[in-house]
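S.K.: Take this structure, written in structure tokens, and hold onto it; I'll ask about it next.
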Amino acid sequence: MKTGKTVDLTCGNVWKTLLLYSLPLFGSAMIQQLYSLVDLLVVGNFAADGALAVDAVGNATVIINVLLAFAFGANGGCSVVVAKYFGARNSTRVRETVNTAVISFSVLCAFIMAAGFSFGKLLLTALSVHGSYFGDCRAYLYIYIGSLPFVFLYNLGCGICSALGDSKTPFIFLVISSLLNIGLDFLFVCAFGMDVAGAAWATLISQAVSCVLTVFVLIRKLKSIRPEQKPKRFDKTLLRELTVTSVPIILQQSFVSVGNFFVNKRINLIGTDATTGFTTAFKLVCMANMGVSAMTNGLSNFVSQNKAAGEYGRVKKGYAAVLCYALFTSLIFLAMFVGGPQFFTKLFIQKDKLTPQAMEYSVQYLTIVSCFLPAVCVKIVSDGAMRGCGANLGFTLSTFIDLGARVALVYILTDAGWGFSGVCWSWAIGWSVSMFIAGGFLAFVFKKRLKQSEN
């Protein structure tokens, strides 16, 4: 059933429905990663000192990701709640959820921006950012903080659209803004010589464009949903529901980002070559995982709609379908990164600006960590299914254990003389452990929270 451009996920062939629904989400995640990847590529190849420019962007991104955790929480939390009421055919609550989410997350965004501007320099100092690129790193961070209103509204709009079954519209707008981002990167960095700050401004302008387009379509889409009665502008009950749903997602993202903060601090102390190699390889691995995470967000909406509609058999089938799709993509990235780590590293930094040691670090990380992409894939998809079922504690604990293991092992193994390889193996071990934990939690959730399908 379609209502305007909204799609009911509670009917139709599960495998086909999820494939068509997930592909735009996957594409959106890949293109969204281009924002930071293109920034690295352009500054690494065209800035005055490519390697140091990459280090500046990489370290600023560590802090940016902590702030973005709240935007991703707004996306995931709002989409699950909207999908729940859309699946239950309650149009009034859908509109009230959107109203409440926009107001509450706008206030949160203002608070995050104030905190970012106030403590940004202090955080960079705590991260042990080297003085040779500290100024560029701070400039990139502050410009990005200025773009947070666009980031929040875009993620909120995408979450609502996907909850209503429309994953194509945000994808189209993201393609437009990404092409704009690439063009502006080359213009600001290459033509105007703005280096790291130019890349940041290109990202801000591009995100503003994608935000405006998404919000414009979202307003039109909501007008096509006719509520049974006049919706409230703000509802405290819905605020609590949004908070309960969003906070675990925020904590999950924050755990990862804070963990990466401490990991980057240790890597910065190893040396600038280690920072350069890790930043490049880590961005590539993140790209692979972000695609899986995007499909998992679609699974959460699918599970939430079908659980609300009493279609319990479709929930398990949906989990199996997305897991297969996600494993397939993970194996493709595994083959790419293990088969050509030097090639992908050289995409970001010109050979004459890249030291042999930095290349060795990047190759080592890609070769070891990529082999465990299927393991973290199982964890991410299991987390998404739990989130859709409302089992927030399970996926929060699995992420916390994964993070704790990785951060602790980075310090333990590097202190034990493993050097940079200790960083790589901490990821591999942490992902493997969390895969079994998340799978165990999900099995418990399916057994206790879902009824047996009548099919």
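Each chain of the structure tokens is named A, B, ... in the order shown, its residues numbered from 1; ligands are numbered from 1 in display order.
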Range 388-446 of chain A near range 358-376 of chain A within 12 Å: what's each residue's closest atom pair and its distance in Å to one decimal, counting only C-alpha atoms, ordered by chain then ascending residue number, as CSV?
M.R.:
```
residue,atom,partner,partner_atom,distance
A:Ser398,CA,A:Val376,CA,11.0
A:Thr399,CA,A:Val376,CA,10.4
A:Asp402,CA,A:Val376,CA,9.6
A:Leu403,CA,A:Val376,CA,12.0
A:Gly419,CA,A:Tyr361,CA,10.3
A:Phe420,CA,A:Tyr361,CA,7.1
A:Ser421,CA,A:Gln364,CA,7.3
A:Gly422,CA,A:Tyr365,CA,9.9
A:Val423,CA,A:Tyr365,CA,8.1
A:Cys424,CA,A:Tyr365,CA,5.4
A:Trp425,CA,A:Ile368,CA,7.2
A:Ser426,CA,A:Val369,CA,9.1
A:Trp427,CA,A:Val369,CA,6.5
A:Ala428,CA,A:Val369,CA,5.7
A:Ile429,CA,A:Phe372,CA,8.8
A:Gly430,CA,A:Val376,CA,9.0
A:Trp431,CA,A:Val376,CA,5.2
A:Ser432,CA,A:Ala375,CA,5.8
A:Val433,CA,A:Ala375,CA,8.9
A:Ser434,CA,A:Val376,CA,7.6
A:Met435,CA,A:Ala375,CA,5.8
A:Phe436,CA,A:Ala375,CA,8.8
A:Ile437,CA,A:Val376,CA,11.2
A:Ala438,CA,A:Val376,CA,9.8
A:Gly439,CA,A:Ala375,CA,10.5
```
S.K.: Find the residues near range 99-102 of chain A: any atom within 12 Å, counting only C-alpha atoms, skip ones fewer than 5 places away on the same chain, and give them as a PDB file with N, CA, C and O atoms, in the first residue's frame.
M.R.:
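This went into result_19.pdb:
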```pdb
ATOM      1  N   ALA A  71      23.090  13.545  16.362  1.00  0.00           N
ATOM      2  CA  ALA A  71      22.308  13.646  15.127  1.00  0.00           C
ATOM      3  C   ALA A  71      21.857  12.266  14.661  1.00  0.00           C
ATOM      4  O   ALA A  71      20.714  12.078  14.225  1.00  0.00           O
ATOM      5  N   GLY A  73      21.413   9.749  16.608  1.00  0.00           N
ATOM      6  CA  GLY A  73      20.390   9.325  17.565  1.00  0.00           C
ATOM      7  C   GLY A  73      19.040   9.912  17.232  1.00  0.00           C
ATOM      8  O   GLY A  73      18.004   9.240  17.338  1.00  0.00           O
ATOM      9  N   ALA A  74      19.033  11.177  16.801  1.00  0.00           N
ATOM     10  CA  ALA A  74      17.785  11.814  16.380  1.00  0.00           C
ATOM     11  C   ALA A  74      17.180  11.082  15.193  1.00  0.00           C
ATOM     12  O   ALA A  74      15.977  10.846  15.127  1.00  0.00           O
ATOM     13  N   ASN A  75      18.024  10.712  14.256  1.00  0.00           N
ATOM     14  CA  ASN A  75      17.579   9.979  13.069  1.00  0.00           C
ATOM     15  C   ASN A  75      16.978   8.633  13.462  1.00  0.00           C
ATOM     16  O   ASN A  75      15.821   8.322  13.145  1.00  0.00           O
ATOM     17  N   GLY A  76      17.781   7.824  14.157  1.00  0.00           N
ATOM     18  CA  GLY A  76      17.340   6.470  14.493  1.00  0.00           C
ATOM     19  C   GLY A  76      16.162   6.432  15.436  1.00  0.00           C
ATOM     20  O   GLY A  76      15.208   5.680  15.232  1.00  0.00           O
ATOM     21  N   GLY A  77      16.194   7.269  16.485  1.00  0.00           N
ATOM     22  CA  GLY A  77      15.110   7.262  17.458  1.00  0.00           C
ATOM     23  C   GLY A  77      13.798   7.727  16.872  1.00  0.00           C
ATOM     24  O   GLY A  77      12.747   7.096  17.071  1.00  0.00           O
ATOM     25  N   CYS A  78      13.831   8.825  16.138  1.00  0.00           N
ATOM     26  CA  CYS A  78      12.602   9.352  15.542  1.00  0.00           C
ATOM     27  C   CYS A  78      12.040   8.387  14.507  1.00  0.00           C
ATOM     28  O   CYS A  78      10.824   8.191  14.423  1.00  0.00           O
ATOM     29  N   SER A  79      12.917   7.785  13.693  1.00  0.00           N
ATOM     30  CA  SER A  79      12.429   6.893  12.639  1.00  0.00           C
ATOM     31  C   SER A  79      11.731   5.672  13.223  1.00  0.00           C
ATOM     32  O   SER A  79      10.699   5.226  12.699  1.00  0.00           O
ATOM     33  N   VAL A  80      12.258   5.130  14.315  1.00  0.00           N
ATOM     34  CA  VAL A  80      11.635   3.951  14.931  1.00  0.00           C
ATOM     35  C   VAL A  80      10.250   4.296  15.479  1.00  0.00           C
ATOM     36  O   VAL A  80       9.289   3.546  15.295  1.00  0.00           O
ATOM     37  N   VAL A  81      10.133   5.451  16.152  1.00  0.00           N
ATOM     38  CA  VAL A  81       8.840   5.843  16.734  1.00  0.00           C
ATOM     39  C   VAL A  81       7.825   6.173  15.636  1.00  0.00           C
ATOM     40  O   VAL A  81       6.659   5.755  15.700  1.00  0.00           O
ATOM     41  N   VAL A  82       8.257   6.909  14.602  1.00  0.00           N
ATOM     42  CA  VAL A  82       7.358   7.225  13.496  1.00  0.00           C
ATOM     43  C   VAL A  82       6.916   5.946  12.789  1.00  0.00           C
ATOM     44  O   VAL A  82       5.730   5.776  12.453  1.00  0.00           O
ATOM     45  N   THR A  92      -2.341  10.620  13.435  1.00  0.00           N
ATOM     46  CA  THR A  92      -2.213  11.741  14.372  1.00  0.00           C
ATOM     47  C   THR A  92      -0.916  11.654  15.146  1.00  0.00           C
ATOM     48  O   THR A  92      -0.191  12.650  15.288  1.00  0.00           O
ATOM     49  N   ARG A  93      -0.610  10.453  15.652  1.00  0.00           N
ATOM     50  CA  ARG A  93       0.623  10.282  16.422  1.00  0.00           C
ATOM     51  C   ARG A  93       1.864  10.431  15.539  1.00  0.00           C
ATOM     52  O   ARG A  93       2.924  10.878  16.005  1.00  0.00           O
ATOM     53  N   VAL A  94       1.747  10.080  14.272  1.00  0.00           N
ATOM     54  CA  VAL A  94       2.867  10.287  13.345  1.00  0.00           C
ATOM     55  C   VAL A  94       3.197  11.770  13.274  1.00  0.00           C
ATOM     56  O   VAL A  94       4.356  12.189  13.417  1.00  0.00           O
ATOM     57  N   VAL A 107      16.543  22.102  20.006  1.00  0.00           N
ATOM     58  CA  VAL A 107      17.110  22.588  21.272  1.00  0.00           C
ATOM     59  C   VAL A 107      18.397  21.847  21.590  1.00  0.00           C
ATOM     60  O   VAL A 107      19.409  22.441  22.000  1.00  0.00           O
ATOM     61  N   LEU A 108      18.393  20.530  21.391  1.00  0.00           N
ATOM     62  CA  LEU A 108      19.588  19.730  21.645  1.00  0.00           C
ATOM     63  C   LEU A 108      20.739  20.168  20.749  1.00  0.00           C
ATOM     64  O   LEU A 108      21.890  20.272  21.192  1.00  0.00           O
ATOM     65  N   CYS A 109      20.449  20.454  19.491  1.00  0.00           N
ATOM     66  CA  CYS A 109      21.476  20.891  18.549  1.00  0.00           C
ATOM     67  C   CYS A 109      22.135  22.190  19.018  1.00  0.00           C
ATOM     68  O   CYS A 109      23.361  22.339  18.946  1.00  0.00           O
ATOM     69  N   PRO A 149      23.361  22.500  12.576  1.00  0.00           N
ATOM     70  CA  PRO A 149      21.911  22.609  12.359  1.00  0.00           C
ATOM     71  C   PRO A 149      21.457  21.915  11.079  1.00  0.00           C
ATOM     72  O   PRO A 149      20.411  21.257  11.058  1.00  0.00           O
ATOM     73  N   PHE A 152      21.685  18.059  11.677  1.00  0.00           N
ATOM     74  CA  PHE A 152      20.588  17.563  12.509  1.00  0.00           C
ATOM     75  C   PHE A 152      19.294  17.486  11.714  1.00  0.00           C
ATOM     76  O   PHE A 152      18.595  16.463  11.729  1.00  0.00           O
ATOM     77  N   LEU A 153      18.956  18.576  11.029  1.00  0.00           N
ATOM     78  CA  LEU A 153      17.691  18.600  10.283  1.00  0.00           C
ATOM     79  C   LEU A 153      17.701  17.589   9.144  1.00  0.00           C
ATOM     80  O   LEU A 153      16.686  16.942   8.867  1.00  0.00           O
ATOM     81  N   TYR A 154      18.847  17.446   8.483  1.00  0.00           N
ATOM     82  CA  TYR A 154      18.918  16.475   7.392  1.00  0.00           C
ATOM     83  C   TYR A 154      18.720  15.060   7.929  1.00  0.00           C
ATOM     84  O   TYR A 154      17.944  14.271   7.372  1.00  0.00           O
ATOM     85  N   ASN A 155      19.421  14.697   9.007  1.00  0.00           N
ATOM     86  CA  ASN A 155      19.289  13.354   9.565  1.00  0.00           C
ATOM     87  C   ASN A 155      17.892  13.102  10.096  1.00  0.00           C
ATOM     88  O   ASN A 155      17.346  12.004   9.951  1.00  0.00           O
ATOM     89  N   LEU A 156      17.299  14.122  10.708  1.00  0.00           N
ATOM     90  CA  LEU A 156      15.941  13.982  11.207  1.00  0.00           C
ATOM     91  C   LEU A 156      14.977  13.772  10.042  1.00  0.00           C
ATOM     92  O   LEU A 156      14.102  12.895  10.078  1.00  0.00           O
ATOM     93  N   GLY A 157      15.135  14.557   8.992  1.00  0.00           N
ATOM     94  CA  GLY A 157      14.279  14.413   7.819  1.00  0.00           C
ATOM     95  C   GLY A 157      14.440  13.062   7.146  1.00  0.00           C
ATOM     96  O   GLY A 157      13.454  12.434   6.741  1.00  0.00           O
ATOM     97  N   GLY A 159      15.411  10.284   8.593  1.00  0.00           N
ATOM     98  CA  GLY A 159      14.831   9.266   9.458  1.00  0.00           C
ATOM     99  C   GLY A 159      13.321   9.191   9.315  1.00  0.00           C
ATOM    100  O   GLY A 159      12.743   8.108   9.261  1.00  0.00           O
ATOM    101  N   ILE A 160      12.676  10.349   9.222  1.00  0.00           N
ATOM    102  CA  ILE A 160      11.220  10.383   9.084  1.00  0.00           C
ATOM    103  C   ILE A 160      10.801   9.833   7.725  1.00  0.00           C
ATOM    104  O   ILE A 160       9.860   9.044   7.612  1.00  0.00           O
ATOM    105  N   VAL A 215      14.084  18.809   3.843  1.00  0.00           N
ATOM    106  CA  VAL A 215      13.018  19.406   4.664  1.00  0.00           C
ATOM    107  C   VAL A 215      11.854  19.853   3.785  1.00  0.00           C
ATOM    108  O   VAL A 215      10.675  19.681   4.158  1.00  0.00           O
ATOM    109  N   LEU A 218       9.911  16.784   2.896  1.00  0.00           N
ATOM    110  CA  LEU A 218       9.282  16.224   4.087  1.00  0.00           C
ATOM    111  C   LEU A 218       8.007  16.980   4.442  1.00  0.00           C
ATOM    112  O   LEU A 218       6.994  16.366   4.810  1.00  0.00           O
ATOM    113  N   ILE A 219       8.038  18.293   4.332  1.00  0.00           N
ATOM    114  CA  ILE A 219       6.845  19.094   4.629  1.00  0.00           C
ATOM    115  C   ILE A 219       5.699  18.698   3.691  1.00  0.00           C
ATOM    116  O   ILE A 219       4.545  18.519   4.125  1.00  0.00           O
ATOM    117  N   LEU A 222       4.349  15.189   4.682  1.00  0.00           N
ATOM    118  CA  LEU A 222       3.523  15.175   5.888  1.00  0.00           C
ATOM    119  C   LEU A 222       2.129  15.740   5.628  1.00  0.00           C
ATOM    120  O   LEU A 222       1.153  15.331   6.262  1.00  0.00           O
ATOM    121  N   PRO A 231      -3.275  17.447  15.366  1.00  0.00           N
ATOM    122  CA  PRO A 231      -2.123  16.984  16.158  1.00  0.00           C
ATOM    123  C   PRO A 231      -1.582  18.082  17.077  1.00  0.00           C
ATOM    124  O   PRO A 231      -1.672  19.269  16.778  1.00  0.00           O
ATOM    125  N   LYS A 232      -1.021  17.648  18.201  1.00  0.00           N
ATOM    126  CA  LYS A 232      -0.403  18.587  19.127  1.00  0.00           C
ATOM    127  C   LYS A 232       0.942  19.058  18.564  1.00  0.00           C
ATOM    128  O   LYS A 232       1.620  18.337  17.851  1.00  0.00           O
ATOM    129  N   ARG A 233       1.311  20.286  18.930  1.00  0.00           N
ATOM    130  CA  ARG A 233       2.615  20.806  18.498  1.00  0.00           C
ATOM    131  C   ARG A 233       3.753  20.164  19.286  1.00  0.00           C
ATOM    132  O   ARG A 233       4.868  20.034  18.785  1.00  0.00           O
ATOM    133  N   PHE A 234       3.461  19.814  20.540  1.00  0.00           N
ATOM    134  CA  PHE A 234       4.485  19.200  21.396  1.00  0.00           C
ATOM    135  C   PHE A 234       3.793  18.293  22.389  1.00  0.00           C
ATOM    136  O   PHE A 234       2.779  18.673  22.983  1.00  0.00           O
ATOM    137  N   ASP A 235       4.319  17.094  22.561  1.00  0.00           N
ATOM    138  CA  ASP A 235       3.695  16.120  23.449  1.00  0.00           C
ATOM    139  C   ASP A 235       4.762  15.548  24.386  1.00  0.00           C
ATOM    140  O   ASP A 235       5.749  14.957  23.935  1.00  0.00           O
ATOM    141  N   LYS A 236       4.570  15.724  25.688  1.00  0.00           N
ATOM    142  CA  LYS A 236       5.563  15.264  26.659  1.00  0.00           C
ATOM    143  C   LYS A 236       5.699  13.744  26.672  1.00  0.00           C
ATOM    144  O   LYS A 236       6.792  13.208  26.876  1.00  0.00           O
ATOM    145  N   THR A 237       4.586  13.043  26.451  1.00  0.00           N
ATOM    146  CA  THR A 237       4.640  11.577  26.407  1.00  0.00           C
ATOM    147  C   THR A 237       5.509  11.105  25.245  1.00  0.00           C
ATOM    148  O   THR A 237       6.330  10.184  25.383  1.00  0.00           O
ATOM    149  N   LEU A 238       5.343  11.755  24.099  1.00  0.00           N
ATOM    150  CA  LEU A 238       6.157  11.405  22.935  1.00  0.00           C
ATOM    151  C   LEU A 238       7.612  11.805  23.140  1.00  0.00           C
ATOM    152  O   LEU A 238       8.517  11.126  22.647  1.00  0.00           O
ATOM    153  N   LEU A 239       7.836  12.890  23.856  1.00  0.00           N
ATOM    154  CA  LEU A 239       9.210  13.287  24.154  1.00  0.00           C
ATOM    155  C   LEU A 239       9.915  12.201  24.954  1.00  0.00           C
ATOM    156  O   LEU A 239      11.075  11.862  24.687  1.00  0.00           O
ATOM    157  N   ARG A 240       9.196  11.633  25.938  1.00  0.00           N
ATOM    158  CA  ARG A 240       9.780  10.542  26.720  1.00  0.00           C
ATOM    159  C   ARG A 240      10.057   9.325  25.833  1.00  0.00           C
ATOM    160  O   ARG A 240      11.104   8.672  25.953  1.00  0.00           O
ATOM    161  N   GLU A 241       9.113   9.024  24.931  1.00  0.00           N
ATOM    162  CA  GLU A 241       9.296   7.876  24.047  1.00  0.00           C
ATOM    163  C   GLU A 241      10.469   8.102  23.092  1.00  0.00           C
ATOM    164  O   GLU A 241      11.275   7.190  22.849  1.00  0.00           O
ATOM    165  N   LEU A 242      10.575   9.314  22.563  1.00  0.00           N
ATOM    166  CA  LEU A 242      11.701   9.637  21.695  1.00  0.00           C
ATOM    167  C   LEU A 242      13.021   9.562  22.454  1.00  0.00           C
ATOM    168  O   LEU A 242      14.032   9.089  21.924  1.00  0.00           O
ATOM    169  N   THR A 243      12.997  10.020  23.693  1.00  0.00           N
ATOM    170  CA  THR A 243      14.213   9.994  24.509  1.00  0.00           C
ATOM    171  C   THR A 243      14.641   8.567  24.797  1.00  0.00           C
ATOM    172  O   THR A 243      15.817   8.205  24.650  1.00  0.00           O
ATOM    173  N   THR A 245      14.006   5.946  23.120  1.00  0.00           N
ATOM    174  CA  THR A 245      14.451   5.293  21.889  1.00  0.00           C
ATOM    175  C   THR A 245      15.762   5.859  21.383  1.00  0.00           C
ATOM    176  O   THR A 245      16.609   5.124  20.870  1.00  0.00           O
ATOM    177  N   SER A 246      15.963   7.165  21.526  1.00  0.00           N
ATOM    178  CA  SER A 246      17.142   7.822  20.951  1.00  0.00           C
ATOM    179  C   SER A 246      18.383   7.695  21.825  1.00  0.00           C
ATOM    180  O   SER A 246      19.494   7.560  21.299  1.00  0.00           O
TER     181      SER A 246
END
```
S.K.: Find the residues around Val315 in chain A up to 8 Å (only C-alpha atoms counted), leave out those fewer than 3 positions away in its own chain, and share them as a PyMOL selection string.
M.R.: chain A and resi 302-303+306-307+311-312+318-319
S.K.: Taking N, CA and C atoms for each residue, export the selection above as a PDB file, in the first residue's frame.
M.R.:
```pdb
ATOM      1  N   PHE A 302      11.628  -1.465   9.451  1.00  0.00           N
ATOM      2  CA  PHE A 302      10.851  -2.620   8.993  1.00  0.00           C
ATOM      3  C   PHE A 302      10.330  -3.428  10.183  1.00  0.00           C
ATOM      4  N   VAL A 303      11.204  -3.703  11.134  1.00  0.00           N
ATOM      5  CA  VAL A 303      10.828  -4.472  12.324  1.00  0.00           C
ATOM      6  C   VAL A 303       9.794  -3.708  13.141  1.00  0.00           C
ATOM      7  N   ASN A 306       6.334  -3.812  11.369  1.00  0.00           N
ATOM      8  CA  ASN A 306       5.722  -5.138  11.369  1.00  0.00           C
ATOM      9  C   ASN A 306       5.377  -5.623  12.770  1.00  0.00           C
ATOM     10  N   LYS A 307       6.187  -5.272  13.748  1.00  0.00           N
ATOM     11  CA  LYS A 307       5.870  -5.641  15.131  1.00  0.00           C
ATOM     12  C   LYS A 307       4.596  -4.929  15.577  1.00  0.00           C
ATOM     13  N   GLU A 311       2.801  -8.524  12.599  1.00  0.00           N
ATOM     14  CA  GLU A 311       3.375  -9.418  11.587  1.00  0.00           C
ATOM     15  C   GLU A 311       4.711  -9.972  12.093  1.00  0.00           C
ATOM     16  N   TYR A 312       4.629 -10.874  13.078  1.00  0.00           N
ATOM     17  CA  TYR A 312       5.838 -11.329  13.759  1.00  0.00           C
ATOM     18  C   TYR A 312       6.728 -12.203  12.879  1.00  0.00           C
ATOM     19  N   GLY A 318      12.790 -10.676   7.844  1.00  0.00           N
ATOM     20  CA  GLY A 318      13.470  -9.429   7.513  1.00  0.00           C
ATOM     21  C   GLY A 318      14.887  -9.409   8.038  1.00  0.00           C
ATOM     22  N   TYR A 319      15.076  -9.919   9.255  1.00  0.00           N
ATOM     23  CA  TYR A 319      16.424  -9.995   9.824  1.00  0.00           C
ATOM     24  C   TYR A 319      17.320 -10.878   8.964  1.00  0.00           C
TER      25      TYR A 319
END
```
S.K.: Would you pick out the contacts of Val322 in chain A at 8 Å or less, using only C-alpha atoms, so that residues sharing its chain but fewer than 2 positions from it are not included, and give the list as an NGL selection string?
M.R.: :A and (18-19 or 295-296 or 299 or 318-320 or 324-326 or 381)
S.K.: Go ahead and save the picked residues with all heavy atoms, as a short mmCIF file (atom, residue, chain, number, x, y, z; two decimals), in the first residue's frame.
M.R.:
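Generated output (again-v1.cif):
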```
data_model
loop_
_atom_site.label_atom_id
_atom_site.label_comp_id
_atom_site.auth_asym_id
_atom_site.auth_seq_id
_atom_site.Cartn_x
_atom_site.Cartn_y
_atom_site.Cartn_z
N LEU A 18 12.63 -5.45 1.22
CA LEU A 18 13.80 -4.94 1.93
C LEU A 18 14.94 -4.60 0.99
O LEU A 18 15.71 -3.66 1.25
CB LEU A 18 14.26 -5.96 2.98
CG LEU A 18 13.52 -5.87 4.32
CD1 LEU A 18 13.87 -7.04 5.21
CD2 LEU A 18 13.86 -4.56 5.02
N LEU A 19 15.08 -5.33 -0.09
CA LEU A 19 16.14 -5.02 -1.05
C LEU A 19 15.89 -3.65 -1.68
O LEU A 19 16.79 -2.80 -1.72
CB LEU A 19 16.22 -6.09 -2.13
CG LEU A 19 17.27 -5.86 -3.23
CD1 LEU A 19 18.66 -5.83 -2.62
CD2 LEU A 19 17.16 -6.92 -4.32
N MET A 295 21.66 0.02 6.05
CA MET A 295 20.69 -1.05 5.81
C MET A 295 20.04 -1.49 7.11
O MET A 295 18.85 -1.83 7.15
CB MET A 295 21.38 -2.23 5.12
CG MET A 295 21.75 -1.97 3.68
SD MET A 295 22.32 -3.46 2.82
CE MET A 295 23.94 -3.67 3.53
N THR A 296 20.82 -1.46 8.18
CA THR A 296 20.29 -1.85 9.49
C THR A 296 19.26 -0.85 10.00
O THR A 296 18.28 -1.25 10.65
CB THR A 296 21.46 -1.98 10.49
OG1 THR A 296 22.35 -2.99 10.04
CG2 THR A 296 20.94 -2.36 11.87
N LEU A 299 16.22 -1.88 8.48
CA LEU A 299 15.70 -3.07 9.16
C LEU A 299 14.95 -2.66 10.44
O LEU A 299 13.89 -3.23 10.75
CB LEU A 299 16.84 -4.02 9.51
CG LEU A 299 16.47 -5.24 10.36
CD1 LEU A 299 15.48 -6.14 9.62
CD2 LEU A 299 17.73 -6.02 10.75
N GLY A 318 12.79 -10.68 7.84
CA GLY A 318 13.47 -9.43 7.51
C GLY A 318 14.89 -9.41 8.04
O GLY A 318 15.81 -8.94 7.35
N TYR A 319 15.08 -9.92 9.25
CA TYR A 319 16.42 -10.00 9.82
C TYR A 319 17.32 -10.88 8.96
O TYR A 319 18.47 -10.50 8.65
CB TYR A 319 16.37 -10.54 11.25
CG TYR A 319 17.72 -10.90 11.82
CD1 TYR A 319 18.61 -9.90 12.21
CD2 TYR A 319 18.13 -12.23 11.94
CE1 TYR A 319 19.86 -10.22 12.72
CE2 TYR A 319 19.37 -12.56 12.45
CZ TYR A 319 20.24 -11.55 12.83
OH TYR A 319 21.48 -11.87 13.33
N ALA A 320 16.82 -12.02 8.56
CA ALA A 320 17.60 -12.94 7.73
C ALA A 320 17.96 -12.30 6.39
O ALA A 320 19.09 -12.43 5.90
CB ALA A 320 16.84 -14.24 7.50
N CYS A 324 21.84 -11.27 5.13
CA CYS A 324 22.44 -11.80 3.90
C CYS A 324 22.94 -10.67 3.00
O CYS A 324 24.05 -10.73 2.46
CB CYS A 324 21.43 -12.66 3.14
SG CYS A 324 21.08 -14.25 3.92
N TYR A 325 22.13 -9.64 2.83
CA TYR A 325 22.54 -8.51 2.00
C TYR A 325 23.79 -7.83 2.59
O TYR A 325 24.73 -7.47 1.86
CB TYR A 325 21.41 -7.47 1.89
CG TYR A 325 20.17 -7.97 1.21
CD1 TYR A 325 18.90 -7.52 1.60
CD2 TYR A 325 20.23 -8.90 0.17
CE1 TYR A 325 17.75 -7.96 0.97
CE2 TYR A 325 19.09 -9.35 -0.46
CZ TYR A 325 17.84 -8.88 -0.06
OH TYR A 325 16.71 -9.34 -0.68
N ALA A 326 23.80 -7.65 3.91
CA ALA A 326 24.91 -6.96 4.56
C ALA A 326 26.20 -7.79 4.49
O ALA A 326 27.29 -7.25 4.26
CB ALA A 326 24.56 -6.66 6.02
N VAL A 381 23.83 -5.74 12.34
CA VAL A 381 22.48 -6.13 11.92
C VAL A 381 21.66 -6.64 13.11
O VAL A 381 20.47 -6.33 13.23
CB VAL A 381 22.55 -7.19 10.80
CG1 VAL A 381 21.15 -7.66 10.42
CG2 VAL A 381 23.25 -6.62 9.57
#
```
S.K.: Using only C-alpha atoms, which residue out of A:Ile412, A:Phe343, A:Val42, A:Ala69 lies closest to Ala191 in chain A?
M.R.: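 Smallest separation from Ala191 in chain A among the options: A:Val42.
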S.K.: Using DSSP assignments from the backbone, pull out every residue in range 159-288 of chain A that falls under alpha helix (DSSP H) and give it to me as a ChimeraX atom specification.
M.R.: /A:159-163,168-185,195-223,236-270,272-288
S.K.: Residues within 10 Å of Asp383 in chain A, please, as a list in words. Count only C-alpha atoms; anything in the same chain fewer than 3 positions from it doesn't count.
M.R.: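 Selected residues are Ile249, Ser293, Thr296, Asn297, Leu299, Ser300, Cys377, Val378, Lys379, Ile380, Met386, Arg387, Gly388, Cys389, Ala391, Asn392, Leu393, Gly394, Phe395, Thr396, Leu397, Ser398, Thr399, Met435, Ala438, Gly439, Phe441 and Leu442 of chain A.
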S.K.: Taking C-alpha atoms for each residue, export the selection above as a short mmCIF file (atom, residue, chain, number, x, y, z; two decimals), in the first residue's frame.
M.R.:
```cif
data_model
loop_
_atom_site.label_atom_id
_atom_site.label_comp_id
_atom_site.auth_asym_id
_atom_site.auth_seq_id
_atom_site.Cartn_x
_atom_site.Cartn_y
_atom_site.Cartn_z
CA ILE A 249 21.45 5.02 19.92
CA SER A 293 24.56 0.46 9.38
CA THR A 296 20.29 -1.85 9.49
CA ASN A 297 18.44 1.42 10.06
CA LEU A 299 15.70 -3.07 9.16
CA SER A 300 14.83 -1.23 12.41
CA CYS A 377 28.38 -7.01 10.17
CA VAL A 378 26.53 -9.68 12.20
CA LYS A 379 26.77 -7.47 15.30
CA ILE A 380 25.44 -4.34 13.53
CA MET A 386 16.88 -5.41 18.61
CA ARG A 387 16.36 -1.67 18.23
CA GLY A 388 13.28 -2.23 16.09
CA CYS A 389 11.91 -4.62 18.73
CA ALA A 391 15.21 -4.00 23.13
CA ASN A 392 17.53 -1.03 23.56
CA LEU A 393 19.51 -2.49 26.46
CA GLY A 394 20.79 -5.42 24.41
CA PHE A 395 22.40 -3.49 21.59
CA THR A 396 23.73 -0.85 24.00
CA LEU A 397 25.51 -3.50 26.07
CA SER A 398 26.94 -5.25 23.02
CA THR A 399 28.36 -1.95 21.74
CA MET A 435 29.38 -10.50 17.38
CA ALA A 438 24.85 -9.26 20.03
CA GLY A 439 23.75 -12.55 18.46
CA PHE A 441 20.96 -10.94 22.94
CA LEU A 442 18.95 -11.07 19.71
#
```
